[in-house]
>>> print(open('work_37.cif').read())   # mmCIF, C-alpha atoms
data_final
#
loop_
_atom_site.label_atom_id
_atom_site.label_comp_id
_atom_site.auth_asym_id
_atom_site.auth_seq_id
_atom_site.Cartn_x
_atom_site.Cartn_y
_atom_site.Cartn_z
CA MET P 1 0.00 0.00 0.00
CA ILE P 2 1.34 3.42 -0.97
CA ILE P 3 0.42 6.58 0.96
CA ASN P 4 0.75 9.78 -1.03
CA HIS P 5 2.36 12.06 1.55
CA PRO P 6 1.27 15.71 1.00
CA LEU P 7 4.87 16.95 1.39
CA LEU P 8 7.05 14.03 0.34
CA GLY P 9 5.04 12.25 -2.35
CA PRO P 10 4.32 8.51 -2.57
CA ARG P 11 5.79 6.56 0.34
CA ASP P 12 5.53 2.90 1.30
CA SER P 13 3.03 2.26 4.09
CA ALA P 14 5.76 0.25 5.88
CA GLU P 15 7.28 3.61 6.88
CA PHE P 16 4.10 4.49 8.78
CA VAL P 17 2.55 3.49 12.07
CA TYR P 18 -1.25 3.27 12.28
CA LEU P 19 -2.61 5.40 15.12
CA GLY P 20 -6.35 4.69 14.90
CA ALA P 21 -9.45 6.57 13.90
CA ALA P 22 -9.19 10.29 13.18
CA GLU P 23 -11.90 10.98 15.80
CA LEU P 24 -9.11 10.58 18.38
CA MET P 25 -8.23 14.19 17.58
CA ASN P 26 -11.61 15.31 18.97
CA ARG P 27 -10.65 14.97 22.60
CA PRO P 28 -13.35 16.07 25.08
CA ASP P 29 -12.75 19.32 26.94
CA PRO P 30 -11.30 18.28 30.32
CA GLU P 31 -13.10 21.21 31.98
CA THR P 32 -16.60 20.15 30.99
CA ALA P 33 -16.52 16.49 29.85
CA SER P 34 -18.51 13.92 31.78
CA ALA P 35 -17.40 10.37 32.54
CA ASP P 36 -19.64 9.19 29.70
CA ASP P 37 -17.88 11.56 27.28
CA TRP P 38 -14.51 10.07 28.25
CA HIS P 39 -15.88 6.54 28.00
CA ASP P 40 -17.16 7.23 24.50
CA TYR P 41 -13.88 8.88 23.48
CA ALA P 42 -11.72 6.08 24.84
CA TYR P 43 -13.72 3.01 23.84
CA LEU P 44 -16.42 3.62 21.26
CA ARG P 45 -15.48 3.41 17.59
CA ASP P 46 -17.44 3.00 14.42
CA ASN P 47 -16.22 0.06 12.39
CA PRO P 48 -17.25 1.03 8.87
CA ALA P 49 -17.01 -1.25 5.85
CA GLY P 50 -16.10 1.56 3.48
CA THR P 51 -14.67 5.04 3.83
CA HIS P 52 -12.71 5.58 7.05
CA ARG P 53 -10.71 8.58 8.23
CA GLU P 54 -7.66 7.45 10.17
CA LEU P 55 -4.33 8.67 11.55
CA TRP P 56 -1.01 7.44 10.20
CA PHE P 57 2.29 8.49 11.82
CA HIS P 58 5.24 8.77 9.42
CA GLU P 59 7.66 7.19 11.85
CA GLY P 60 10.24 6.20 9.25
CA GLY P 61 10.08 9.60 7.57
CA ASP P 62 9.37 13.15 8.59
CA ARG P 63 7.46 12.25 11.78
CA SER P 64 4.32 14.05 10.72
CA ILE P 65 0.90 12.62 11.47
CA LEU P 66 -1.40 12.27 8.45
CA ILE P 67 -5.16 11.96 8.15
CA VAL P 68 -5.71 9.25 5.54
CA THR P 69 -9.15 8.60 4.07
CA ARG P 70 -9.15 4.91 3.16
CA ASP P 71 -11.79 2.48 1.98
CA THR P 72 -11.53 -0.42 4.42
CA THR P 73 -12.92 -2.88 1.88
CA THR P 74 -10.54 -2.08 -1.00
CA HIS P 75 -7.65 -0.18 0.71
CA GLU P 76 -8.13 2.55 -1.87
CA ILE P 77 -6.88 5.87 -0.45
CA SER P 78 -8.95 8.84 -1.60
CA ALA P 79 -7.39 11.69 0.44
CA VAL P 80 -4.28 12.38 2.51
CA GLU P 81 -3.80 15.54 4.56
CA LEU P 82 -1.52 16.72 7.36
CA ALA P 83 -3.07 16.56 10.82
CA ARG P 84 -2.05 20.10 11.68
CA ARG P 85 -3.29 23.65 11.42
CA GLY P 86 -1.74 26.05 8.92
CA ALA P 87 0.69 25.40 6.12
CA PRO P 88 4.16 24.18 7.14
CA LYS P 89 7.34 25.85 5.88
CA MET I 1 43.71 16.62 34.32
CA HIS I 2 42.08 13.85 32.34
CA ASP I 3 44.11 12.09 29.72
CA LEU I 4 41.42 10.92 27.27
CA THR I 5 41.97 9.60 23.77
CA PRO I 6 39.55 10.95 21.17
CA ILE I 7 37.95 8.16 19.16
CA THR I 8 35.55 8.11 16.23
CA ALA I 9 32.03 6.67 16.32
CA LEU I 10 33.40 3.30 15.18
CA GLY I 11 35.96 3.34 17.99
CA GLY I 12 39.10 3.98 15.98
CA THR I 13 41.60 6.78 16.40
CA ALA I 14 41.31 7.54 12.67
CA PRO I 15 38.19 7.48 10.47
CA ARG I 16 37.42 4.12 8.92
CA THR I 17 37.51 3.76 5.14
CA ASP I 18 36.22 0.71 3.25
CA THR I 19 36.45 0.23 -0.49
CA VAL I 20 34.71 -2.47 -2.51
CA GLY I 21 35.21 -2.23 -6.24
CA ASP I 22 34.81 1.40 -7.19
CA VAL I 23 32.65 2.40 -4.23
CA THR I 24 34.14 3.83 -1.05
CA LEU I 25 32.54 4.18 2.37
CA THR I 26 34.20 6.80 4.56
CA GLU I 27 33.46 7.59 8.18
CA VAL I 28 33.26 11.37 8.63
CA PRO I 29 33.95 12.36 12.23
CA ASP I 30 34.38 16.13 11.89
CA VAL I 31 30.70 17.09 11.50
CA SER I 32 28.84 19.12 14.08
CA LEU I 33 25.04 18.98 14.01
CA ALA I 34 22.15 20.91 15.50
CA SER I 35 18.41 20.47 15.02
CA VAL I 36 16.19 23.50 14.52
CA ALA I 37 12.44 23.40 15.21
CA ALA I 38 10.34 26.51 14.72
CA ARG I 39 8.24 27.38 17.74
CA VAL I 40 4.47 27.48 17.38
CA GLY I 41 3.39 30.83 15.97
CA GLN I 42 7.01 31.76 15.11
CA GLU I 43 7.24 29.78 11.84
CA ASP I 44 7.58 32.83 9.57
CA LEU I 45 10.13 34.55 11.82
CA CYS I 46 12.13 31.32 12.07
CA ALA I 47 12.12 30.95 8.27
CA THR I 48 13.32 34.54 7.84
CA ARG I 49 16.13 34.23 10.38
CA LEU I 50 17.14 30.82 9.09
CA ALA I 51 17.34 32.18 5.52
CA LYS I 52 19.60 34.98 6.73
CA LEU I 53 21.83 32.52 8.59
CA LEU I 54 22.06 30.08 5.66
CA GLY I 55 22.32 32.75 2.98
CA ALA I 56 19.37 31.15 1.15
CA THR I 57 15.85 29.99 1.86
CA ALA I 58 15.87 26.95 4.15
CA PRO I 59 15.45 23.69 2.21
CA GLU I 60 11.97 22.64 1.09
CA PRO I 61 10.51 19.24 2.08
CA GLY I 62 12.72 16.39 0.88
CA ARG I 63 15.62 18.73 0.10
CA ALA I 64 19.03 19.66 1.50
CA SER I 65 21.26 22.67 0.94
CA SER I 66 24.99 23.03 1.14
CA GLY I 67 26.61 26.22 2.28
CA ASP I 68 29.44 27.82 4.17
CA PRO I 69 29.57 27.43 7.09
CA TYR I 70 26.13 25.80 7.47
CA ALA I 71 24.57 23.04 5.39
CA ALA I 72 20.91 22.28 6.08
CA LEU I 73 18.56 19.35 5.69
CA TRP I 74 14.75 19.37 5.92
CA THR I 75 13.74 16.84 8.56
CA GLY I 76 10.03 17.58 9.07
CA PRO I 77 7.43 20.36 8.89
CA ASN I 78 9.17 23.49 10.22
CA GLN I 79 12.19 21.42 11.25
CA TRP I 80 15.71 21.26 9.90
CA MET I 81 19.09 19.74 10.75
CA LEU I 82 22.05 22.08 10.35
CA SER I 83 25.60 20.84 9.98
CA ALA I 84 29.01 22.51 9.96
CA ASP I 85 32.70 21.70 10.25
CA PHE I 86 33.38 20.44 13.76
CA ASN I 87 36.86 21.98 13.80
CA THR I 88 35.50 25.52 13.47
CA HIS I 89 31.90 25.12 14.75
CA GLU I 90 32.09 22.71 17.67
CA ASP I 91 29.60 24.89 19.56
CA ILE I 92 27.07 24.85 16.70
CA ALA I 93 23.91 24.86 18.83
CA ALA I 94 24.89 28.02 20.70
CA ASP I 95 25.99 29.72 17.46
CA VAL I 96 22.73 28.90 15.67
CA ASN I 97 20.62 29.74 18.70
CA ALA I 98 22.23 33.18 18.86
CA HIS I 99 20.81 33.87 15.37
CA LEU I 100 17.37 32.31 15.81
CA THR I 101 16.81 33.19 19.50
CA ASP I 102 13.16 32.71 20.53
CA ALA I 103 11.89 31.85 17.03
CA ALA I 104 13.10 28.27 17.27
CA SER I 105 14.28 25.55 19.60
CA VAL I 106 17.85 24.52 18.79
CA THR I 107 19.30 21.27 20.11
CA GLU I 108 22.84 20.02 19.70
CA GLN I 109 22.90 16.69 17.83
CA THR I 110 26.62 16.25 17.15
CA ASP I 111 27.23 13.15 19.24
CA ALA I 112 23.86 11.56 18.46
CA TRP I 113 24.76 10.67 14.87
CA VAL I 114 27.43 8.87 12.92
CA CYS I 115 28.18 10.26 9.48
CA PHE I 116 29.27 8.22 6.46
CA ASP I 117 30.00 9.33 2.90
CA LEU I 118 29.32 6.69 0.27
CA THR I 119 30.90 7.58 -3.06
CA GLY I 120 31.48 5.92 -6.40
CA PRO I 121 29.74 5.38 -9.72
CA ARG I 122 27.64 2.41 -8.53
CA ILE I 123 26.35 3.59 -5.17
CA ASN I 124 22.75 3.12 -6.31
CA ALA I 125 23.36 -0.65 -6.52
CA VAL I 126 24.33 -0.51 -2.84
CA LEU I 127 21.53 1.82 -1.78
CA GLU I 128 18.81 -0.26 -3.41
CA LEU I 129 19.81 -3.17 -1.19
CA LEU I 130 19.81 -0.98 1.91
CA CYS I 131 16.68 1.17 1.75
CA ASN I 132 13.45 1.89 -0.12
CA ILE I 133 14.42 5.31 -1.54
CA ASP I 134 13.14 5.83 -5.09
CA LEU I 135 16.64 6.24 -6.55
CA THR I 136 15.47 7.17 -10.05
CA ARG I 137 14.05 10.37 -8.57
CA PHE I 138 16.73 10.92 -5.90
CA ASP I 139 18.43 13.88 -7.52
CA THR I 140 21.32 15.99 -6.25
CA ALA I 141 20.36 17.90 -3.08
CA ASN I 142 17.45 15.57 -2.33
CA ALA I 143 17.39 14.23 1.19
CA THR I 144 15.11 11.92 3.10
CA ARG I 145 14.78 9.90 6.23
CA THR I 146 14.63 6.18 5.62
CA SER I 147 15.23 2.87 7.36
CA ILE I 148 18.57 1.15 6.81
CA HIS I 149 19.04 -2.16 8.65
CA HIS I 150 16.03 -1.17 10.83
CA LEU I 151 17.79 2.07 11.81
CA GLY I 152 16.23 5.46 11.10
CA CYS I 153 18.80 7.27 8.95
CA PHE I 154 18.98 10.45 6.93
CA VAL I 155 20.30 10.02 3.39
CA ILE I 156 21.45 13.12 1.51
CA SER I 157 22.22 13.00 -2.21
CA THR I 158 25.31 15.16 -2.68
CA GLU I 159 25.73 14.10 -6.32
CA ALA I 160 23.02 12.01 -7.95
CA GLY I 161 24.17 8.43 -8.48
CA GLN I 162 27.70 9.31 -7.37
CA SER I 163 27.74 10.37 -3.75
CA VAL I 164 25.47 10.27 -0.71
CA ARG I 165 25.94 11.24 2.90
CA ILE I 166 24.31 8.94 5.46
CA LEU I 167 23.53 10.06 9.01
CA GLY I 168 22.62 7.21 11.34
CA PRO I 169 22.22 6.72 15.07
CA ARG I 170 25.69 6.85 16.62
CA ALA I 171 24.93 4.19 19.23
CA SER I 172 24.39 1.78 16.33
CA ALA I 173 27.35 2.97 14.26
CA GLY I 174 28.91 -0.50 14.16
CA SER I 175 25.66 -2.13 13.01
CA LEU I 176 25.10 0.49 10.32
CA HIS I 177 28.69 0.14 9.11
CA HIS I 178 28.26 -3.64 9.00
CA ALA I 179 25.03 -3.29 6.99
CA ILE I 180 26.54 -0.91 4.44
CA THR I 181 29.76 -2.86 3.93
CA THR I 182 27.77 -6.10 3.61
CA ALA I 183 25.58 -4.51 0.94
CA MET I 184 28.68 -3.21 -0.83
CA ALA I 185 30.18 -6.71 -0.89
CA SER I 186 26.89 -8.15 -2.20
CA ALA I 187 26.17 -5.54 -4.84
CA LEU I 188 29.59 -4.82 -6.27
#
>>> encode(input="work_37.cif", output="structure tokens")
Amino acid sequence: MIINHPLLGPRDSAEFVYLGAAELMNRPDPETASADDWHDYAYLRDNPAGTHRELWFHEGGDRSILIVTRDTTTHEISAVELARRGAPK
Amino acid sequence: MHDLTPITALGGTAPRTDTVGDVTLTEVPDVSLASVAARVGQEDLCATRLAKLLGATAPEPGRASSGDPYAALWTGPNQWMLSADFNTHEDIAADVNAHLTDAASVTEQTDAWVCFDLTGPRINAVLELLCNIDLTRFDTANATRTSIHHLGCFVISTEAGQSVRILGPRASAGSLHHAITTAMASAL
């Protein structure tokens, strides 16, 4: 599987580490979240057969974390973006 | 007064050189290194100051620049590795930090890495055994991090198909040297 890194171009998926669903970025606000919010955040995941947004860490490369949109039934990757705000230099 | 003997990363008193066929692997001990990471919100200021220090815009993703006294290598978004001659710039982190001040975090990396130069007309035959770099597109001044022998290394193309510089973890210098010389013996 090849992941088309937004900065570095096509890279082998063996260079990456899978970090789970992209919803992990939506951490509850520690000031206001209830125990149920934390339970949902920590344990509940959708398990779609189809399009899935997920985090991949480029461990063997530039150490950026990518949001990869992948079809879980075909492994086709339809979008790759950096998991960060603003354009890097 | 201590009476210590300076040794290279491979443990010798002189840099190691290995030649197989027309390809030569040379240990390069006189390189000082410092990493530069722009601080959040200071990316533009860091880029401006870094350009002034390097005499040119800091390298783009996947690229390296040579220069006097500082060469630079893109290592990640808003991050670079700077290198200089150890004999004149042993205190590289303090020197660079004096120019970048609060726009970036500068960390000395000199003794964290071992540096090898691999030169010769058939280095690509060696590199394709060692790592997954797309060598057909690895032009002069390209640079990337890759895995060699399960070690995270930076590979810098100093002359396409003729010469690369390899930075690897110094604690594994012997293993990296073994991997490269083994590949040289296999490929050449």
>>> interface_residues(input="work_37.cif", of="chain P", to="chain I", cutoff="10 Å", atoms="only C-alpha atoms", output="list in words")
Pro6, Leu7, Leu8, Gly9, Pro10, Arg11, Asp12, Ala14, Glu15, Glu59, Gly60, Gly61, Asp62, Arg63, Ser64, Leu82, Arg84, Gly86, Ala87, Pro88 and Lys89 of chain P
>>> residues_near_point(input="work_37.cif", point="(-12.3, -1.6, 9.4)", cutoff="10 Å", atoms="only C-alpha atoms", output="mmCIF file with C-alpha atoms, keeping the file's coordinate frame")
data_model
loop_
_atom_site.group_PDB
_atom_site.id
_atom_site.type_symbol
_atom_site.label_atom_id
_atom_site.label_comp_id
_atom_site.auth_asym_id
_atom_site.auth_seq_id
_atom_site.Cartn_x
_atom_site.Cartn_y
_atom_site.Cartn_z
ATOM 1 C CA ALA P 21 -9.450 6.570 13.900
ATOM 2 C CA ASP P 46 -17.440 3.000 14.420
ATOM 3 C CA ASN P 47 -16.220 0.060 12.390
ATOM 4 C CA PRO P 48 -17.250 1.030 8.870
ATOM 5 C CA ALA P 49 -17.010 -1.250 5.850
ATOM 6 C CA GLY P 50 -16.100 1.560 3.480
ATOM 7 C CA THR P 51 -14.670 5.040 3.830
ATOM 8 C CA HIS P 52 -12.710 5.580 7.050
ATOM 9 C CA ARG P 70 -9.150 4.910 3.160
ATOM 10 C CA ASP P 71 -11.790 2.480 1.980
ATOM 11 C CA THR P 72 -11.530 -0.420 4.420
ATOM 12 C CA THR P 73 -12.920 -2.880 1.880
ATOM 13 C CA HIS P 75 -7.650 -0.180 0.710
#
>>> atom_distance(input="work_37.cif", atom1="atom CA of Ser32 of chain I", atom2="atom CA of Ile148 of chain I")
21.9 Å
>>> residues_around(input="work_37.cif", residues="Ala14 of chain I", least_positions_apart="2", cutoff="12 Å", atoms="only C-alpha atoms", output="PyMOL selection string")
chain I and resi 5-12+16-17+26-30
>>> resolve_selection(input="work_37.cif", expression="the PyMOL selection byres ((chain I and resi 186) around 10)", output="tab-separated table (two decimals) with C-alpha atoms, in the frame of the given file")
chain	number	residue	atom	x	y	z
I	20	VAL	CA	34.71	-2.47	-2.51
I	125	ALA	CA	23.36	-0.65	-6.52
I	126	VAL	CA	24.33	-0.51	-2.84
I	129	LEU	CA	19.81	-3.17	-1.19
I	180	ILE	CA	26.54	-0.91	4.44
I	181	THR	CA	29.76	-2.86	3.93
I	182	THR	CA	27.77	-6.10	3.61
I	183	ALA	CA	25.58	-4.51	0.94
I	184	MET	CA	28.68	-3.21	-0.83
I	185	ALA	CA	30.18	-6.71	-0.89
I	187	ALA	CA	26.17	-5.54	-4.84
I	188	LEU	CA	29.59	-4.82	-6.27
>>> atom_distance(input="work_37.cif", atom1="atom CA of Leu24 of chain P", atom2="atom CA of Ala37 of chain I")
25.3 Å
>>> closest_residue(input="work_37.cif", among="I:Trp80, I:His177, I:Leu25, I:Ser172", to="Ser65 of chain I", atoms="all atoms listed in the file")
I:Trp80
>>> decode(input="work_37.cif", residues="segment 14-34 of chain P", atoms="N, CA and C atoms", output="PDB file, in the first residue's frame")
ATOM      1  N   ALA P  14       4.899   0.846   4.855  1.00  0.00           N
ATOM      2  CA  ALA P  14       5.760   0.247   5.878  1.00  0.00           C
ATOM      3  C   ALA P  14       6.501   1.306   6.686  1.00  0.00           C
ATOM      4  N   GLU P  15       6.610   2.541   6.138  1.00  0.00           N
ATOM      5  CA  GLU P  15       7.276   3.609   6.879  1.00  0.00           C
ATOM      6  C   GLU P  15       6.368   4.215   7.943  1.00  0.00           C
ATOM      7  N   PHE P  16       5.081   3.845   7.913  1.00  0.00           N
ATOM      8  CA  PHE P  16       4.104   4.495   8.779  1.00  0.00           C
ATOM      9  C   PHE P  16       3.673   3.583   9.916  1.00  0.00           C
ATOM     10  N   VAL P  17       3.171   4.218  10.963  1.00  0.00           N
ATOM     11  CA  VAL P  17       2.553   3.487  12.069  1.00  0.00           C
ATOM     12  C   VAL P  17       1.097   3.933  12.140  1.00  0.00           C
ATOM     13  N   TYR P  18       0.172   2.968  12.221  1.00  0.00           N
ATOM     14  CA  TYR P  18      -1.248   3.273  12.284  1.00  0.00           C
ATOM     15  C   TYR P  18      -1.620   3.727  13.693  1.00  0.00           C
ATOM     16  N   LEU P  19      -2.287   4.858  13.789  1.00  0.00           N
ATOM     17  CA  LEU P  19      -2.605   5.401  15.117  1.00  0.00           C
ATOM     18  C   LEU P  19      -4.097   5.384  15.439  1.00  0.00           C
ATOM     19  N   GLY P  20      -4.929   4.811  14.579  1.00  0.00           N
ATOM     20  CA  GLY P  20      -6.345   4.692  14.902  1.00  0.00           C
ATOM     21  C   GLY P  20      -7.212   5.705  14.190  1.00  0.00           C
ATOM     22  N   ALA P  21      -8.465   5.724  14.574  1.00  0.00           N
ATOM     23  CA  ALA P  21      -9.451   6.569  13.900  1.00  0.00           C
ATOM     24  C   ALA P  21      -9.159   8.049  14.122  1.00  0.00           C
ATOM     25  N   ALA P  22      -9.473   8.854  13.105  1.00  0.00           N
ATOM     26  CA  ALA P  22      -9.188  10.288  13.175  1.00  0.00           C
ATOM     27  C   ALA P  22     -10.010  10.986  14.255  1.00  0.00           C
ATOM     28  N   GLU P  23     -11.105  10.351  14.727  1.00  0.00           N
ATOM     29  CA  GLU P  23     -11.895  10.977  15.804  1.00  0.00           C
ATOM     30  C   GLU P  23     -11.088  11.146  17.084  1.00  0.00           C
ATOM     31  N   LEU P  24      -9.956  10.429  17.190  1.00  0.00           N
ATOM     32  CA  LEU P  24      -9.114  10.576  18.385  1.00  0.00           C
ATOM     33  C   LEU P  24      -8.630  12.016  18.561  1.00  0.00           C
ATOM     34  N   MET P  25      -8.646  12.792  17.454  1.00  0.00           N
ATOM     35  CA  MET P  25      -8.232  14.194  17.580  1.00  0.00           C
ATOM     36  C   MET P  25      -9.273  15.030  18.311  1.00  0.00           C
ATOM     37  N   ASN P  26     -10.527  14.535  18.348  1.00  0.00           N
ATOM     38  CA  ASN P  26     -11.612  15.306  18.974  1.00  0.00           C
ATOM     39  C   ASN P  26     -11.710  14.956  20.452  1.00  0.00           C
ATOM     40  N   ARG P  27     -10.678  15.308  21.185  1.00  0.00           N
ATOM     41  CA  ARG P  27     -10.649  14.967  22.604  1.00  0.00           C
ATOM     42  C   ARG P  27     -11.648  15.832  23.371  1.00  0.00           C
ATOM     43  N   PRO P  28     -12.404  15.261  24.303  1.00  0.00           N
ATOM     44  CA  PRO P  28     -13.347  16.071  25.077  1.00  0.00           C
ATOM     45  C   PRO P  28     -12.614  17.145  25.871  1.00  0.00           C
ATOM     46  N   ASP P  29     -13.306  18.238  26.131  1.00  0.00           N
ATOM     47  CA  ASP P  29     -12.753  19.324  26.939  1.00  0.00           C
ATOM     48  C   ASP P  29     -12.657  18.868  28.395  1.00  0.00           C
ATOM     49  N   PRO P  30     -11.441  18.796  28.960  1.00  0.00           N
ATOM     50  CA  PRO P  30     -11.298  18.284  30.324  1.00  0.00           C
ATOM     51  C   PRO P  30     -12.078  19.106  31.349  1.00  0.00           C
ATOM     52  N   GLU P  31     -12.385  20.361  31.033  1.00  0.00           N
ATOM     53  CA  GLU P  31     -13.103  21.214  31.983  1.00  0.00           C
ATOM     54  C   GLU P  31     -14.573  20.830  32.095  1.00  0.00           C
ATOM     55  N   THR P  32     -15.138  20.344  31.002  1.00  0.00           N
ATOM     56  CA  THR P  32     -16.596  20.153  30.986  1.00  0.00           C
ATOM     57  C   THR P  32     -17.026  18.714  30.728  1.00  0.00           C
ATOM     58  N   ALA P  33     -16.094  17.829  30.276  1.00  0.00           N
ATOM     59  CA  ALA P  33     -16.520  16.493  29.849  1.00  0.00           C
ATOM     60  C   ALA P  33     -16.998  15.656  31.031  1.00  0.00           C
ATOM     61  N   SER P  34     -18.015  14.844  30.765  1.00  0.00           N
ATOM     62  CA  SER P  34     -18.514  13.915  31.778  1.00  0.00           C
ATOM     63  C   SER P  34     -17.788  12.576  31.643  1.00  0.00           C
TER      64      SER P  34
END
